Amino acid sequence: MYNRCTLAEFRGVWIASVYNIDWPKTLDNPQAQKQEFIEILDKLKSLNINAIFVQIRPSSDALYKSCINPWSKYLTGKQGKYPGYDPLQFMIEETHKRNIQFHAWINPYRITTQETDLKNLSPNNPARINPNWILEFENSLFYNPENSEVIEYIATTVYEIIKKYNVDGIHFDDYFYPYNYPLPEGEDKDGEVANNRREAVNNLIRFVYNVIKSTKPSVQFGVSPFGVWKNKSSDPLGSDSNNLESYYDIYMDTLTWIKEEIVDYIAPQIYWSTDNKNSNYEDMVSWWNNAVENSNVRLYIGQNISNPDIANEIAKEIKINREYNNVSGNILFSASNIMNNTDNVVEQLKTVYNCKAILPTKFERQ
């Protein structure tokens, strides 16, 4: 058994603001929001967590003072309303006081959830100002990934954050094209339209990576894709799985990002249990471990402890991660499940994280 006190291990937790899932629970109350966040931090520190991923731009908005994006409605209940303080500055300072890394989690394309009326957005929302940037699908609005102005806007958003704030990383989740966004009639999933969509997403990743590295190279950039790239039934290089395929369903060509090394890390959402028949946990860890082999892209495993089946065996899954040379750690979704001790997850984390771990340095392998 490895001594985790002397080896590097990344131990992250996602803190979601969309729908006020994790934080803030209280609206339009700076002191209450600050106290909530401190309680989360202190709990995570007590469990030897060493990195957090806070969703600071959930829906074309901002949990920080921005010249580009309006204040988020998840702070006050109304998009565009000043919350009375700068949440991001406060969160970074409190996080770094506890020697925990702060990663700024951004949803690049989502504008609304279950709403299409632009008049309900803040007047300074870029989507309202630029309606030609928008895709509408299933009663929600998204930025069009193929629009070059959208790519520039998202990259500029990232630039503003890393210039103004001392974040340790920029993090994208798995919401790229809407899931199952249709192709035009007669188009094939490996055809020209589909390939153009994937290349547009690739161009965003390249552009953001270059902006970060030319501005503040120490800031890490990574993405958390859906846990399946392709099934083996679609491609011999794919995983032994029977599930949604991020390559086809949301146009994420993760293997290209790894090959080109335009991300510092990848954090696939392996949101399955060890007895799952369609996407077995260890099979998927093994596939991603091989995917980053001989690259300078680090691998963290995303795990969904809001699912009781996974929460029940999180210690077992973390021990599996440690058996693979290219797995540098994990990220847990989400903070509320730790705060609420879903299925005794806290007791399990105390066992597997029983001492502090050193954060991996760039390109370090175990």
# chains A, B, ... in the order shown; residues from 1 in each chain; ligands from 1
>>> select_by_dssp(residues="range 25-102 of chain A", states="alpha helix (DSSP H)", output="short mmCIF file (atom, residue, chain, number, x, y, z; two decimals) with N, CA and C atoms, in the first residue's frame")
data_model
loop_
_atom_site.label_atom_id
_atom_site.label_comp_id
_atom_site.auth_asym_id
_atom_site.auth_seq_id
_atom_site.Cartn_x
_atom_site.Cartn_y
_atom_site.Cartn_z
N PRO A 30 -24.78 38.76 1.58
CA PRO A 30 -23.33 38.54 1.53
C PRO A 30 -22.77 37.80 2.74
N GLN A 31 -23.19 38.18 3.93
CA GLN A 31 -22.62 37.56 5.13
C GLN A 31 -23.00 36.09 5.22
N ALA A 32 -24.25 35.78 4.91
CA ALA A 32 -24.68 34.39 4.95
C ALA A 32 -23.94 33.57 3.90
N GLN A 33 -23.74 34.13 2.72
CA GLN A 33 -23.02 33.42 1.66
C GLN A 33 -21.57 33.17 2.05
N LYS A 34 -20.95 34.16 2.64
CA LYS A 34 -19.56 34.00 3.09
C LYS A 34 -19.46 32.91 4.14
N GLN A 35 -20.38 32.91 5.08
CA GLN A 35 -20.34 31.91 6.15
C GLN A 35 -20.57 30.51 5.60
N GLU A 36 -21.50 30.39 4.65
CA GLU A 36 -21.73 29.09 4.00
C GLU A 36 -20.45 28.57 3.35
N PHE A 37 -19.77 29.46 2.64
CA PHE A 37 -18.58 29.04 1.91
C PHE A 37 -17.46 28.64 2.88
N ILE A 38 -17.29 29.38 3.93
CA ILE A 38 -16.27 29.05 4.93
C ILE A 38 -16.55 27.69 5.56
N GLU A 39 -17.81 27.40 5.82
CA GLU A 39 -18.15 26.09 6.39
C GLU A 39 -17.81 24.97 5.43
N ILE A 40 -18.06 25.18 4.14
CA ILE A 40 -17.67 24.17 3.14
C ILE A 40 -16.16 23.99 3.14
N LEU A 41 -15.43 25.09 3.07
CA LEU A 41 -13.97 25.02 3.04
C LEU A 41 -13.41 24.30 4.26
N ASP A 42 -13.90 24.64 5.43
CA ASP A 42 -13.37 24.04 6.65
C ASP A 42 -13.64 22.53 6.68
N LYS A 43 -14.80 22.14 6.19
CA LYS A 43 -15.11 20.71 6.12
C LYS A 43 -14.16 20.00 5.16
N LEU A 44 -13.96 20.59 3.98
CA LEU A 44 -13.08 19.96 2.99
C LEU A 44 -11.64 19.91 3.48
N LYS A 45 -11.19 20.97 4.12
CA LYS A 45 -9.83 20.97 4.66
C LYS A 45 -9.66 19.87 5.71
N SER A 46 -10.69 19.65 6.52
CA SER A 46 -10.60 18.62 7.56
C SER A 46 -10.47 17.23 6.97
N LYS A 73 -27.70 35.38 -11.47
CA LYS A 73 -28.93 35.36 -10.68
C LYS A 73 -28.83 34.41 -9.49
N TYR A 74 -27.86 33.50 -9.55
CA TYR A 74 -27.71 32.54 -8.45
C TYR A 74 -27.11 33.19 -7.20
N LEU A 75 -26.72 34.46 -7.32
CA LEU A 75 -26.24 35.20 -6.15
C LEU A 75 -27.37 35.97 -5.46
N THR A 76 -28.25 36.57 -6.26
CA THR A 76 -29.26 37.47 -5.70
C THR A 76 -30.69 37.12 -6.06
N PRO A 87 -17.72 37.90 -4.87
CA PRO A 87 -17.63 36.53 -4.36
C PRO A 87 -16.33 35.81 -4.75
N LEU A 88 -15.89 35.99 -6.00
CA LEU A 88 -14.70 35.26 -6.44
C LEU A 88 -13.47 35.68 -5.64
N GLN A 89 -13.29 36.98 -5.46
CA GLN A 89 -12.14 37.45 -4.69
C GLN A 89 -12.17 36.88 -3.27
N PHE A 90 -13.35 36.92 -2.66
CA PHE A 90 -13.50 36.38 -1.31
C PHE A 90 -13.18 34.89 -1.28
N MET A 91 -13.71 34.14 -2.24
CA MET A 91 -13.51 32.68 -2.24
C MET A 91 -12.06 32.30 -2.44
N ILE A 92 -11.40 33.01 -3.35
CA ILE A 92 -9.98 32.70 -3.60
C ILE A 92 -9.15 32.95 -2.34
N GLU A 93 -9.36 34.10 -1.70
CA GLU A 93 -8.58 34.43 -0.50
C GLU A 93 -8.80 33.39 0.60
N GLU A 94 -10.04 33.00 0.83
CA GLU A 94 -10.33 32.03 1.89
C GLU A 94 -9.78 30.65 1.54
N THR A 95 -9.84 30.29 0.27
CA THR A 95 -9.34 28.98 -0.17
C THR A 95 -7.83 28.91 -0.02
N HIS A 96 -7.14 29.92 -0.48
CA HIS A 96 -5.68 29.93 -0.40
C HIS A 96 -5.17 30.03 1.04
N LYS A 97 -5.95 30.66 1.92
CA LYS A 97 -5.58 30.68 3.35
C LYS A 97 -5.43 29.28 3.90
#
>>> residues_around(residues="Ile318 in chain A", least_positions_apart="4", cutoff="12 Å", atoms="only C-alpha atoms", output="PyMOL selection string")
chain A and resi 4+9-11+270+273-274+281-282+285+300-303+305+310-314+322-324+327-332+345+348-349+351-353
>>> write_last_selection(atoms="N, CA, C and O atoms", output="compact mmCIF listing (two decimals), in the first residue's frame")
# COMPACT_ATOMS: atom_id res chain seq x y z
N ARG A 4 0.18 7.68 1.12
CA ARG A 4 -0.32 8.85 0.41
C ARG A 4 0.18 10.15 1.01
O ARG A 4 -0.04 11.22 0.47
N GLU A 9 -1.01 13.46 -4.81
CA GLU A 9 -2.38 13.04 -5.16
C GLU A 9 -3.29 14.26 -5.18
O GLU A 9 -3.37 14.99 -4.20
N PHE A 10 -3.94 14.44 -6.30
CA PHE A 10 -4.89 15.54 -6.46
C PHE A 10 -6.23 15.09 -5.88
O PHE A 10 -6.75 14.05 -6.25
N ARG A 11 -6.79 15.90 -4.97
CA ARG A 11 -8.06 15.56 -4.33
C ARG A 11 -8.99 16.76 -4.46
O ARG A 11 -8.95 17.68 -3.66
N ILE A 270 -16.38 9.61 -14.76
CA ILE A 270 -16.63 8.16 -14.72
C ILE A 270 -17.65 7.92 -13.62
O ILE A 270 -17.34 7.46 -12.52
N SER A 273 -20.62 2.73 -11.15
CA SER A 273 -20.15 1.86 -10.07
C SER A 273 -19.30 0.73 -10.63
O SER A 273 -19.22 0.51 -11.84
N THR A 274 -18.68 -0.01 -9.74
CA THR A 274 -17.78 -1.09 -10.15
C THR A 274 -18.54 -2.30 -10.69
O THR A 274 -17.92 -3.18 -11.29
N TYR A 281 -16.77 0.74 -13.91
CA TYR A 281 -15.88 1.78 -13.39
C TYR A 281 -14.41 1.49 -13.70
O TYR A 281 -13.72 2.32 -14.30
N GLU A 282 -13.94 0.33 -13.31
CA GLU A 282 -12.50 0.07 -13.50
C GLU A 282 -12.14 -0.03 -14.97
O GLU A 282 -11.05 0.40 -15.38
N VAL A 285 -11.66 3.55 -16.07
CA VAL A 285 -10.40 4.12 -15.54
C VAL A 285 -9.23 3.59 -16.35
O VAL A 285 -8.32 4.35 -16.73
N TYR A 300 -7.21 13.11 -14.00
CA TYR A 300 -7.97 13.03 -12.75
C TYR A 300 -9.29 12.32 -13.07
O TYR A 300 -9.83 12.48 -14.16
N ILE A 301 -9.81 11.57 -12.14
CA ILE A 301 -11.06 10.85 -12.36
C ILE A 301 -12.21 11.58 -11.68
O ILE A 301 -12.14 11.85 -10.48
N GLY A 302 -13.25 11.90 -12.45
CA GLY A 302 -14.45 12.51 -11.88
C GLY A 302 -15.37 11.44 -11.33
O GLY A 302 -15.65 10.44 -12.02
N GLN A 303 -15.87 11.62 -10.10
CA GLN A 303 -16.71 10.62 -9.44
C GLN A 303 -17.95 11.30 -8.85
O GLN A 303 -17.84 12.34 -8.21
N ILE A 305 -20.57 11.35 -6.26
CA ILE A 305 -21.01 10.85 -4.97
C ILE A 305 -22.44 11.28 -4.63
O ILE A 305 -22.95 10.95 -3.56
N ILE A 310 -22.51 4.97 -5.93
CA ILE A 310 -21.10 5.38 -5.99
C ILE A 310 -20.64 5.86 -4.62
O ILE A 310 -19.54 5.52 -4.16
N ALA A 311 -21.48 6.63 -3.95
CA ALA A 311 -21.12 7.10 -2.60
C ALA A 311 -20.81 5.93 -1.68
O ALA A 311 -19.88 5.98 -0.87
N ASN A 312 -21.57 4.85 -1.83
CA ASN A 312 -21.39 3.67 -0.99
C ASN A 312 -20.03 3.01 -1.17
O ASN A 312 -19.55 2.32 -0.27
N GLU A 313 -19.41 3.21 -2.34
CA GLU A 313 -18.15 2.51 -2.62
C GLU A 313 -17.04 3.48 -3.01
O GLU A 313 -16.08 3.08 -3.68
N ILE A 314 -17.15 4.74 -2.58
CA ILE A 314 -16.17 5.72 -3.04
C ILE A 314 -14.75 5.37 -2.58
O ILE A 314 -13.79 5.57 -3.32
N ARG A 322 -5.76 4.41 -7.58
CA ARG A 322 -4.37 4.39 -7.15
C ARG A 322 -3.57 3.24 -7.75
O ARG A 322 -2.34 3.23 -7.66
N GLU A 323 -4.26 2.30 -8.36
CA GLU A 323 -3.57 1.17 -9.00
C GLU A 323 -3.06 1.53 -10.40
O GLU A 323 -2.33 0.74 -11.00
N TYR A 324 -3.44 2.69 -10.91
CA TYR A 324 -3.10 3.05 -12.29
C TYR A 324 -2.08 4.18 -12.31
O TYR A 324 -2.29 5.24 -11.71
N VAL A 327 -3.08 7.89 -13.30
CA VAL A 327 -4.14 8.58 -12.56
C VAL A 327 -3.50 9.39 -11.43
O VAL A 327 -2.89 8.82 -10.53
N SER A 328 -3.64 10.70 -11.51
CA SER A 328 -2.99 11.58 -10.54
C SER A 328 -3.92 12.02 -9.41
O SER A 328 -3.50 12.76 -8.53
N GLY A 329 -5.16 11.58 -9.44
CA GLY A 329 -6.09 11.94 -8.38
C GLY A 329 -7.52 11.92 -8.88
O GLY A 329 -7.83 11.29 -9.89
N ASN A 330 -8.40 12.62 -8.17
CA ASN A 330 -9.82 12.57 -8.50
C ASN A 330 -10.51 13.88 -8.14
O ASN A 330 -9.96 14.71 -7.42
N ILE A 331 -11.74 14.05 -8.67
CA ILE A 331 -12.59 15.19 -8.34
C ILE A 331 -13.97 14.63 -8.02
O ILE A 331 -14.52 13.83 -8.79
N LEU A 332 -14.54 15.05 -6.91
CA LEU A 332 -15.82 14.53 -6.44
C LEU A 332 -16.95 15.51 -6.71
O LEU A 332 -16.83 16.71 -6.44
N VAL A 345 -20.26 8.94 3.12
CA VAL A 345 -19.11 9.24 2.29
C VAL A 345 -17.99 9.88 3.10
O VAL A 345 -16.80 9.66 2.82
N GLN A 348 -15.76 7.30 4.76
CA GLN A 348 -14.90 6.65 3.77
C GLN A 348 -13.73 7.55 3.37
O GLN A 348 -12.60 7.08 3.22
N LEU A 349 -14.02 8.85 3.17
CA LEU A 349 -12.95 9.76 2.79
C LEU A 349 -11.92 9.91 3.90
O LEU A 349 -10.72 10.05 3.64
N THR A 351 -10.93 7.64 5.73
CA THR A 351 -10.10 6.43 5.65
C THR A 351 -9.07 6.53 4.53
O THR A 351 -7.88 6.27 4.72
N VAL A 352 -9.54 6.93 3.33
CA VAL A 352 -8.63 6.96 2.18
C VAL A 352 -7.80 8.23 2.10
O VAL A 352 -6.75 8.26 1.45
N TYR A 353 -8.28 9.30 2.74
CA TYR A 353 -7.53 10.55 2.80
C TYR A 353 -7.07 10.80 4.24
O TYR A 353 -7.22 11.89 4.79
>>> residues_around(residues="range 126-133 of chain A", least_positions_apart="2", cutoff="6 Å", atoms="only C-alpha atoms", output="mmCIF file with N, CA and C atoms, in the first residue's frame")
data_model
loop_
_atom_site.group_PDB
_atom_site.id
_atom_site.type_symbol
_atom_site.label_atom_id
_atom_site.label_comp_id
_atom_site.auth_asym_id
_atom_site.auth_seq_id
_atom_site.Cartn_x
_atom_site.Cartn_y
_atom_site.Cartn_z
ATOM 1 N N LEU A 118 -35.173 36.123 -24.386
ATOM 2 C CA LEU A 118 -33.986 36.932 -24.132
ATOM 3 C C LEU A 118 -34.286 38.135 -23.231
ATOM 4 N N TYR A 143 -24.767 29.195 -26.753
ATOM 5 C CA TYR A 143 -23.941 29.871 -27.748
ATOM 6 C C TYR A 143 -23.556 28.873 -28.840
ATOM 7 N N ASN A 144 -23.516 29.339 -30.062
ATOM 8 C CA ASN A 144 -23.169 28.496 -31.204
ATOM 9 C C ASN A 144 -21.658 28.281 -31.247
#
>>> select_by_dssp(residues="range 117-349 of chain A", states="strand (DSSP E)", output="ChimeraX atom specification")
/A:134-137,140-143,169-172,220-223,265-266,298-304,327-333
>>> closest_residue(among="A:Asp86, A:Glu245, A:Glu152, A:Asp174", to="Val223 in chain A", atoms="only C-alpha atoms")
A:Asp174
>>> residues_around(residues="Glu136 in chain A", least_positions_apart="5", cutoff="10 Å", atoms="only C-alpha atoms", output="list in words")
Ile111, Thr112, Glu115, Thr116, Leu141, Phe142, Tyr143, Asn144, Pro178 and Tyr181 of chain A
>>> write_last_selection(atoms="N, CA, C and O atoms", output="short mmCIF file (atom, residue, chain, number, x, y, z; two decimals), in the first residue's frame")
data_model
loop_
_atom_site.label_atom_id
_atom_site.label_comp_id
_atom_site.auth_asym_id
_atom_site.auth_seq_id
_atom_site.Cartn_x
_atom_site.Cartn_y
_atom_site.Cartn_z
N ILE A 111 -26.51 29.34 -21.96
CA ILE A 111 -27.05 30.67 -21.70
C ILE A 111 -28.22 30.59 -20.73
O ILE A 111 -28.29 31.35 -19.77
N THR A 112 -29.15 29.66 -20.99
CA THR A 112 -30.30 29.49 -20.11
C THR A 112 -30.58 28.01 -19.90
O THR A 112 -30.12 27.16 -20.66
N GLU A 115 -35.56 28.03 -20.65
CA GLU A 115 -36.07 29.38 -20.90
C GLU A 115 -35.48 29.89 -22.21
O GLU A 115 -34.30 29.64 -22.51
N THR A 116 -36.30 30.58 -23.02
CA THR A 116 -35.81 31.07 -24.31
C THR A 116 -36.07 32.55 -24.55
O THR A 116 -35.68 33.07 -25.59
N LEU A 141 -31.24 27.92 -24.32
CA LEU A 141 -30.40 28.68 -25.24
C LEU A 141 -28.93 28.36 -25.00
O LEU A 141 -28.49 28.20 -23.85
N PHE A 142 -28.18 28.31 -26.09
CA PHE A 142 -26.75 28.00 -26.05
C PHE A 142 -26.02 28.91 -27.04
O PHE A 142 -26.59 29.31 -28.06
N TYR A 143 -24.77 29.19 -26.75
CA TYR A 143 -23.94 29.87 -27.75
C TYR A 143 -23.56 28.87 -28.84
O TYR A 143 -23.29 27.69 -28.56
N ASN A 144 -23.52 29.34 -30.06
CA ASN A 144 -23.17 28.50 -31.20
C ASN A 144 -21.66 28.28 -31.25
O ASN A 144 -20.90 29.22 -31.52
N PRO A 178 -25.37 20.91 -27.02
CA PRO A 178 -26.40 20.22 -26.24
C PRO A 178 -26.40 18.73 -26.55
O PRO A 178 -26.18 18.33 -27.70
N TYR A 181 -27.93 17.11 -29.90
CA TYR A 181 -28.27 18.19 -30.83
C TYR A 181 -28.28 17.60 -32.24
O TYR A 181 -27.30 16.98 -32.68
#
>>> closest_residue(among="A:Glu261, A:Glu199, A:Asp22, A:Glu138", to="Tyr179 in chain A", atoms="only C-alpha atoms")
A:Glu138
>>> closest_residue(among="A:Ile320, A:Ile56, A:Val228, A:Cys355", to="Val167 in chain A", atoms="only C-alpha atoms")
A:Ile56
